[in-house]
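Peer 1: What follows is query.txt, made up of compact mmCIF, C-alpha atoms:
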```
# COMPACT_ATOMS: atom_id res chain seq x y z
CA MET N 1 -65.92 12.50 -116.71
CA GLN N 2 -65.11 10.15 -119.56
CA PHE N 3 -64.38 6.56 -118.62
CA VAL N 4 -62.38 4.24 -120.86
CA PRO N 5 -63.77 0.68 -120.60
CA ALA N 6 -61.36 -2.23 -120.26
CA ASP N 7 -60.91 -4.85 -122.95
CA ARG N 8 -63.10 -7.93 -122.66
CA ILE N 9 -60.33 -10.36 -121.66
CA SER N 10 -58.98 -8.30 -118.75
CA LEU N 11 -62.52 -7.49 -117.60
CA LEU N 12 -63.40 -11.20 -117.66
CA ILE N 13 -60.30 -12.01 -115.60
CA PHE N 14 -61.25 -9.24 -113.16
CA LEU N 15 -64.74 -10.71 -112.77
CA ILE N 16 -63.31 -14.20 -112.24
CA ILE N 17 -61.02 -12.87 -109.49
CA ASN N 18 -64.00 -11.20 -107.82
CA ALA N 19 -66.06 -14.39 -108.13
CA VAL N 20 -63.27 -16.43 -106.52
CA VAL N 21 -62.83 -13.96 -103.66
CA LEU N 22 -66.57 -13.75 -103.06
CA GLY N 23 -66.88 -17.53 -103.30
CA CYS N 24 -64.16 -18.03 -100.69
CA VAL N 25 -65.83 -15.58 -98.32
CA LEU N 26 -69.29 -17.12 -98.76
CA TYR N 27 -67.90 -20.62 -98.28
CA SER N 28 -66.17 -19.60 -95.05
CA VAL N 29 -69.53 -18.37 -93.64
CA ARG N 30 -71.62 -21.14 -95.26
CA LYS N 31 -73.26 -22.09 -91.96
CA SER N 32 -74.78 -18.64 -91.49
CA LYS N 33 -77.45 -17.78 -94.06
CA ASN N 34 -77.93 -14.30 -92.59
CA ILE N 35 -74.26 -13.40 -92.96
CA LYS N 36 -74.18 -14.78 -96.51
CA LEU N 37 -77.19 -12.68 -97.42
CA GLY N 38 -75.65 -9.65 -95.75
CA ILE N 39 -72.45 -10.02 -97.79
CA LEU N 40 -74.41 -10.25 -101.04
CA LEU N 41 -76.49 -7.22 -100.10
CA TRP N 42 -73.26 -5.42 -99.23
CA ALA N 43 -71.90 -5.88 -102.76
CA PHE N 44 -75.31 -5.02 -104.23
CA ALA N 45 -75.52 -1.76 -102.24
CA PHE N 46 -72.15 -0.57 -103.52
CA SER N 47 -73.15 -1.50 -107.07
CA LEU N 48 -76.45 0.33 -106.73
CA ILE N 49 -74.63 3.52 -105.76
CA SER N 50 -72.37 3.18 -108.80
CA LEU N 51 -75.28 2.47 -111.15
CA SER N 52 -77.29 5.42 -109.81
CA GLY N 53 -74.82 7.91 -111.27
CA ILE N 54 -74.65 9.91 -108.06
CA LEU N 55 -70.88 9.47 -107.84
CA ASP N 56 -70.45 11.20 -111.20
CA LYS N 57 -72.28 14.23 -109.86
CA LYS N 58 -70.93 14.23 -106.29
CA PRO N 59 -67.73 12.20 -105.91
CA PHE N 60 -67.02 14.28 -102.83
CA PRO N 61 -67.97 13.53 -100.09
CA ILE N 62 -69.70 10.31 -101.21
CA LEU N 63 -66.57 8.48 -102.36
CA PRO N 64 -64.62 8.98 -99.12
CA LEU N 65 -67.77 8.06 -97.17
CA MET N 66 -67.99 4.81 -99.15
CA MET N 67 -64.40 4.03 -98.15
CA PHE N 68 -65.18 4.67 -94.48
CA ALA N 69 -68.39 2.60 -94.79
CA MET N 70 -66.32 -0.24 -96.22
CA ILE N 71 -63.93 -0.16 -93.26
CA PHE N 72 -66.77 0.12 -90.74
CA GLY N 73 -68.66 -2.76 -92.38
CA VAL N 74 -65.61 -5.01 -92.27
CA ILE N 75 -65.05 -4.23 -88.58
CA LEU N 76 -68.70 -5.02 -87.80
CA PHE N 77 -68.41 -8.33 -89.64
CA ILE N 78 -65.16 -9.29 -87.90
CA HIS N 79 -66.68 -8.61 -84.47
CA SER N 80 -69.86 -10.56 -85.19
CA LYS N 81 -70.20 -14.07 -83.81
CA VAL N 82 -69.47 -15.58 -87.22
CA GLY N 83 -66.50 -13.28 -87.75
CA ARG N 84 -64.96 -14.26 -84.42
CA GLN N 85 -65.43 -17.94 -85.23
CA LEU N 86 -63.44 -17.55 -88.45
CA SER N 87 -60.25 -16.82 -86.50
CA VAL N 88 -60.66 -20.29 -84.97
CA SER N 89 -61.98 -22.30 -87.90
CA LEU N 90 -59.65 -20.92 -90.60
CA SER N 91 -55.99 -21.86 -90.61
CA VAL N 92 -53.04 -19.51 -91.07
CA PHE N 93 -52.33 -21.33 -94.32
CA GLN N 94 -55.86 -20.66 -95.62
CA LEU N 95 -55.86 -17.00 -94.58
CA ILE N 96 -52.57 -16.26 -96.30
CA ALA N 97 -53.40 -18.35 -99.38
CA PHE N 98 -56.56 -16.27 -99.73
CA GLN N 99 -54.51 -13.07 -100.01
CA SER N 100 -52.72 -14.39 -103.10
CA PHE N 101 -55.60 -13.10 -105.25
CA ARG N 102 -53.92 -9.69 -105.02
CA PHE N 103 -51.20 -10.84 -107.44
CA PRO N 104 -53.44 -11.47 -110.50
CA LEU N 105 -55.59 -8.46 -109.54
CA GLU N 106 -52.55 -6.19 -109.72
CA LEU N 107 -51.66 -7.65 -113.12
CA VAL N 108 -55.13 -6.67 -114.33
CA LEU N 109 -54.72 -3.16 -112.90
CA HIS N 110 -51.37 -2.83 -114.65
CA ARG N 111 -52.99 -3.74 -117.97
CA TRP N 112 -55.77 -1.25 -117.30
CA SER N 113 -53.19 1.44 -116.64
CA ASN N 114 -51.61 0.75 -120.03
CA GLU N 115 -55.06 0.98 -121.66
CA GLY N 116 -55.92 4.27 -119.97
CA VAL N 117 -58.69 2.79 -117.80
CA ILE N 118 -56.98 3.84 -114.56
CA PRO N 119 -54.09 6.20 -113.73
CA GLU N 120 -50.53 4.90 -113.50
CA THR N 121 -50.53 5.72 -109.79
CA MET N 122 -52.72 2.65 -109.25
CA THR N 123 -50.04 0.17 -110.34
CA TRP N 124 -46.48 -0.73 -109.37
CA THR N 125 -45.00 1.70 -111.90
CA GLY N 126 -46.74 4.42 -109.89
CA ARG N 127 -47.49 4.33 -106.16
CA ASN N 128 -49.38 1.06 -105.65
CA PHE N 129 -47.09 -1.81 -104.66
CA ASP N 130 -49.75 -4.27 -103.54
CA ILE N 131 -48.50 -6.84 -106.04
CA ILE N 132 -45.85 -7.57 -103.39
CA SER N 133 -48.60 -8.84 -101.06
CA GLY N 134 -49.84 -11.39 -103.59
CA LEU N 135 -46.33 -12.56 -104.48
CA PHE N 136 -45.27 -12.67 -100.83
CA ALA N 137 -48.31 -14.79 -99.97
CA LEU N 138 -47.39 -17.34 -102.65
CA ILE N 139 -43.71 -17.41 -101.67
CA VAL N 140 -44.17 -17.87 -97.90
CA LEU N 141 -47.14 -20.24 -98.12
CA PRO N 142 -45.15 -23.49 -97.63
CA TRP N 143 -43.67 -22.25 -94.33
CA VAL N 144 -46.25 -20.00 -92.63
CA SER N 145 -47.97 -22.86 -90.80
CA ARG N 146 -44.71 -23.65 -88.99
CA SER N 147 -43.39 -20.12 -88.54
CA LYS N 148 -45.46 -17.62 -86.59
CA PRO N 149 -42.90 -14.79 -87.09
CA LEU N 150 -43.11 -15.32 -90.86
CA ALA N 151 -46.92 -15.19 -90.72
CA TRP N 152 -46.74 -11.98 -88.69
CA THR N 153 -44.27 -10.49 -91.18
CA PHE N 154 -46.59 -11.22 -94.07
CA ASN N 155 -49.60 -9.88 -92.19
CA ILE N 156 -47.96 -6.58 -91.27
CA ILE N 157 -46.47 -5.98 -94.73
CA GLY N 158 -49.69 -6.96 -96.49
CA LEU N 159 -51.82 -4.74 -94.26
CA MET N 160 -49.53 -1.73 -94.73
CA LEU N 161 -49.59 -2.22 -98.50
CA LEU N 162 -53.38 -2.44 -98.40
CA ILE N 163 -53.60 0.81 -96.46
CA ASN N 164 -51.36 2.37 -99.08
CA VAL N 165 -53.68 1.13 -101.85
CA CYS N 166 -56.62 2.87 -100.19
CA ARG N 167 -54.57 6.07 -99.80
CA VAL N 168 -53.48 6.04 -103.44
CA ALA N 169 -57.02 5.24 -104.62
CA ILE N 170 -58.50 8.21 -102.75
CA LEU N 171 -55.80 10.59 -103.98
CA SER N 172 -56.15 9.32 -107.56
CA SER N 173 -59.93 9.87 -107.58
CA PRO N 174 -61.63 13.10 -108.78
CA LEU N 175 -61.70 14.79 -105.38
CA PRO N 176 -60.81 18.36 -104.32
CA PHE N 177 -57.62 17.22 -102.57
CA SER N 178 -56.56 14.59 -105.14
CA TRP N 179 -53.41 14.44 -107.26
CA HIS N 180 -55.49 15.27 -110.39
CA THR N 181 -54.19 12.28 -112.29
CA ASN N 182 -54.90 11.74 -115.97
CA PRO N 183 -57.09 9.79 -116.20
CA PRO N 184 -58.62 10.01 -112.73
CA LEU N 185 -59.58 6.80 -110.96
CA LEU N 186 -63.23 6.17 -111.85
CA LEU N 187 -63.66 2.46 -111.09
CA ALA N 188 -66.01 3.09 -108.15
CA MET N 189 -68.37 4.96 -110.46
CA HIS N 190 -68.85 2.18 -112.99
CA PHE N 191 -70.28 -1.33 -112.68
CA PRO N 192 -68.79 -3.97 -112.54
CA TYR N 193 -65.44 -2.26 -111.94
CA ASN N 194 -66.77 -0.93 -108.63
CA LEU N 195 -66.74 -4.48 -107.20
CA ILE N 196 -63.07 -4.05 -106.41
CA LEU N 197 -64.05 -2.12 -103.26
CA PRO N 198 -66.81 -4.21 -101.62
CA ILE N 199 -65.27 -7.54 -102.63
CA CYS N 200 -61.50 -7.34 -103.16
CA VAL N 201 -60.52 -4.53 -100.79
CA SER N 202 -63.06 -5.57 -98.15
CA GLY N 203 -62.00 -9.20 -98.45
CA ALA N 204 -58.30 -8.40 -98.11
CA LEU N 205 -58.92 -6.16 -95.08
CA ALA N 206 -61.14 -8.74 -93.37
CA GLY N 207 -58.54 -11.43 -94.03
CA HIS N 208 -55.79 -9.37 -92.39
CA ILE N 209 -57.87 -8.57 -89.31
CA ILE N 210 -58.90 -12.22 -88.88
CA LEU N 211 -55.27 -13.30 -89.27
CA THR N 212 -54.24 -10.71 -86.67
CA HIS N 213 -56.78 -12.11 -84.19
CA LYS N 214 -55.62 -15.65 -84.88
CA LEU N 215 -51.91 -14.93 -84.48
CA SER N 216 -52.55 -12.83 -81.37
CA SER N 217 -54.53 -15.58 -79.68
CA GLY N 218 -52.01 -18.24 -80.60
CA LEU N 219 -54.68 -20.42 -82.20
CA VAL N 220 -52.62 -21.72 -85.10
CA ILE N 221 -54.40 -24.45 -87.07
CA ILE N 222 -52.23 -25.86 -89.85
CA PHE N 223 -54.82 -27.21 -92.32
```
Would you mind writing the file out in structure tokens?

Peer 2:
Amino acid sequence: MQFVPADRISLLIFLIINAVVLGCVLYSVRKSKNIKLGILLWAFAFSLISLSGILDKKPFPILPLMMFAMIFGVILFIHSKVGRQLSVSLSVFQLIAFQSFRFPLELVLHRWSNEGVIPETMTWTGRNFDIISGLFALIVLPWVSRSKPLAWTFNIIGLMLLINVCRVAILSSPLPFSWHTNPPLLLAMHFPYNLILPICVSGALAGHIILTHKLSSGLVIIF
């Protein structure tokens, strides 16, 4: 399957977004060297699969399994001692501010759609509306520390949009049950584009689960 590389500027912006997201995650777990190492190995493992070329030969069932592994890995992290501590140490403001990275990421994906790197289904002109999550995070940020209902509203909407992203990504990929888009979604098969899954998607999912735990427990720390 032929893959159209992105232009250098948009790819650089994509890498900067990933570096910021990864940096935020590593800083939040800075007191645990084992967790930091595990997160880096996590991203490396996904990259190794992409670099091996096995996804080109067998996208099914490996690609769906990678998605399930991503979800399982995030759940394991959230339920670790360090993960549970994050719902106490991080504020609602910080957790929602973190999710704002989804706005520039969606702008990059929109540009890639115009360039033929990814299918149109993966942007807001198709079936991916995750740009709303990033914009919503920026809009509500000044008030979420004082309004628990507003924080819950953001969390639910953002999580549902993230689930939709995963659904659209799977159905846009070259799989037997896909939509057979032109071009198909091949980001997971090529480094460094594949980082969107172990860093951006994993980070957004972890952030939502941590925020859910925090709002459920009533431990609202402003800053």

Peer 1: Quick one: everything within 7 Å of segment 115-117 of chain N, counting only C-alpha atoms, minus sequence neighbours fewer than 3 positions away in the same chain. Send it as a PyMOL selection string.

Peer 2: chain N and resi 3-6+111-112+183

Peer 1: Using all atoms listed in the file, which residue out of N:Gly158, N:Pro119, N:Gly38, N:Pro142 lies closest to Gly207 of chain N?

Peer 2: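 Once distances to Gly207 of chain N are computed over all atoms listed in the file, the minimum belongs to N:Gly158.
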
Peer 1: Calculate how many Å separate atom CA of Ser87 of chain N from atom CA of Ala169 of chain N, rounding to one decimal.

Peer 2: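 Those two atoms sit 28.7 Å apart.
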
Peer 1: So, with only C-alpha atoms as the atoms that count, which of N:Ile170, N:Leu186, N:Ile96, N:Leu195 lies closest to Val144 of chain N?

Peer 2: N:Ile96

Peer 1: Give me, please, the distance in Å between atom CA of Trp124 of chain N and atom CA of Phe136 of chain N, quoted to one decimal.

Peer 2: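 Distance between the two atoms: 14.7 Å.
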